[in-house]
Each structure stands twice: as structure tokens, then as C-alpha cells.
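Structure, as C-alpha cells:
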Amino acid sequence: MWWRGLVGLVALAVGALWIGQGIGTVHGSFMTGHSEWTVIGALLAAFGLAMLAWAVHHWRTAA
């Protein structure tokens, strides 16, 4: 289903943003420089990658 890929892309993008804010490279938020957001972002990005892998697997087996 296409929604798996969309959820995966959004989760990956938001996770990458949170990683950047957690390590201090993206400024302008209360999350900037707080290392817990790096961990949360990494977990969200990993979830996004898993959703993308699931979507690709589904698209390949359905075709």
C-alpha cells in the first residue's frame, strides 16, 4: 500500500530533523542541543526506514 511508503518518508524526514536538532546543527527550537532528541530522532528514522522497506517489499511482491 502506498501509505506505508508515505509514512516511512515522513518519519525518516522528521527523524533526520530531530537528529539535527539534537546534535545542535539545526537551530531555532527548544530541542536544539538536547541529546535526548538525537535518540528519539534515531528511533523515528529507524521506524521510517522499516516502513519504507516494508513498502518496497510489498510493491515488489505484488507486481
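Going through the C-alpha cells in order, the chains are called A, B, and so on, while each chain numbers its residues from 1 and the ligands are numbered from 1 in the order shown.
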
For Trp2 of chain A: contacts at 10 Å, only C-alpha atoms, fewer than 6 positions along chain excluded, given as a ChimeraX atom specification: /A:52,55-56,58-59

message: Which residues are near Phe47 of chain A? Cut-off 12 Å, only C-alpha atoms, ignore same chain within fewer than 3 positions. Put them as an MDAnalysis selection string.
response: chainID A and resid 4:5 7:16 40:44 50:54

File of the preceding selection, C-alpha atoms, as an mmCIF file, in the first residue's frame:
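Printed below is part.cif as written:
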```
data_model
loop_
_atom_site.group_PDB
_atom_site.id
_atom_site.type_symbol
_atom_site.label_atom_id
_atom_site.label_comp_id
_atom_site.auth_asym_id
_atom_site.auth_seq_id
_atom_site.Cartn_x
_atom_site.Cartn_y
_atom_site.Cartn_z
ATOM 1 C CA ARG A 4 3.396 2.718 4.079
ATOM 2 C CA GLY A 5 5.865 4.488 1.843
ATOM 3 C CA VAL A 7 4.538 7.251 6.426
ATOM 4 C CA GLY A 8 8.079 5.937 6.050
ATOM 5 C CA LEU A 9 9.256 9.026 4.172
ATOM 6 C CA VAL A 10 7.661 11.422 6.647
ATOM 7 C CA ALA A 11 9.036 9.532 9.663
ATOM 8 C CA LEU A 12 12.505 9.420 8.102
ATOM 9 C CA ALA A 13 12.463 13.160 7.340
ATOM 10 C CA VAL A 14 11.197 14.147 10.799
ATOM 11 C CA GLY A 15 13.674 11.774 12.451
ATOM 12 C CA ALA A 16 16.547 13.310 10.493
ATOM 13 C CA ILE A 40 14.288 9.937 19.667
ATOM 14 C CA GLY A 41 15.100 11.071 16.125
ATOM 15 C CA ALA A 42 17.242 7.993 15.501
ATOM 16 C CA LEU A 43 14.421 5.731 16.660
ATOM 17 C CA LEU A 44 11.918 7.562 14.458
ATOM 18 C CA ALA A 50 11.487 -0.070 8.318
ATOM 19 C CA MET A 51 8.234 1.282 6.872
ATOM 20 C CA LEU A 52 9.971 2.078 3.579
ATOM 21 C CA ALA A 53 11.484 -1.404 3.436
ATOM 22 C CA TRP A 54 8.059 -2.910 4.132
#
```

message: When you count only C-alpha atoms, which of these residues is closest to Thr32 of chain A: A:Ala62, A:Leu17, A:Met1, A:Ala45?
response: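 Using only C-alpha atoms, Thr32 of chain A sits closest to A:Leu17.
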
query: Of the candidates A:Gly48, A:Thr38, A:Ile23, A:Ala63, which one gets nearest to Leu6 of chain A if we count only C-alpha atoms?
result: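 Counting only C-alpha atoms, the residue closest to Leu6 of chain A is A:Gly48.
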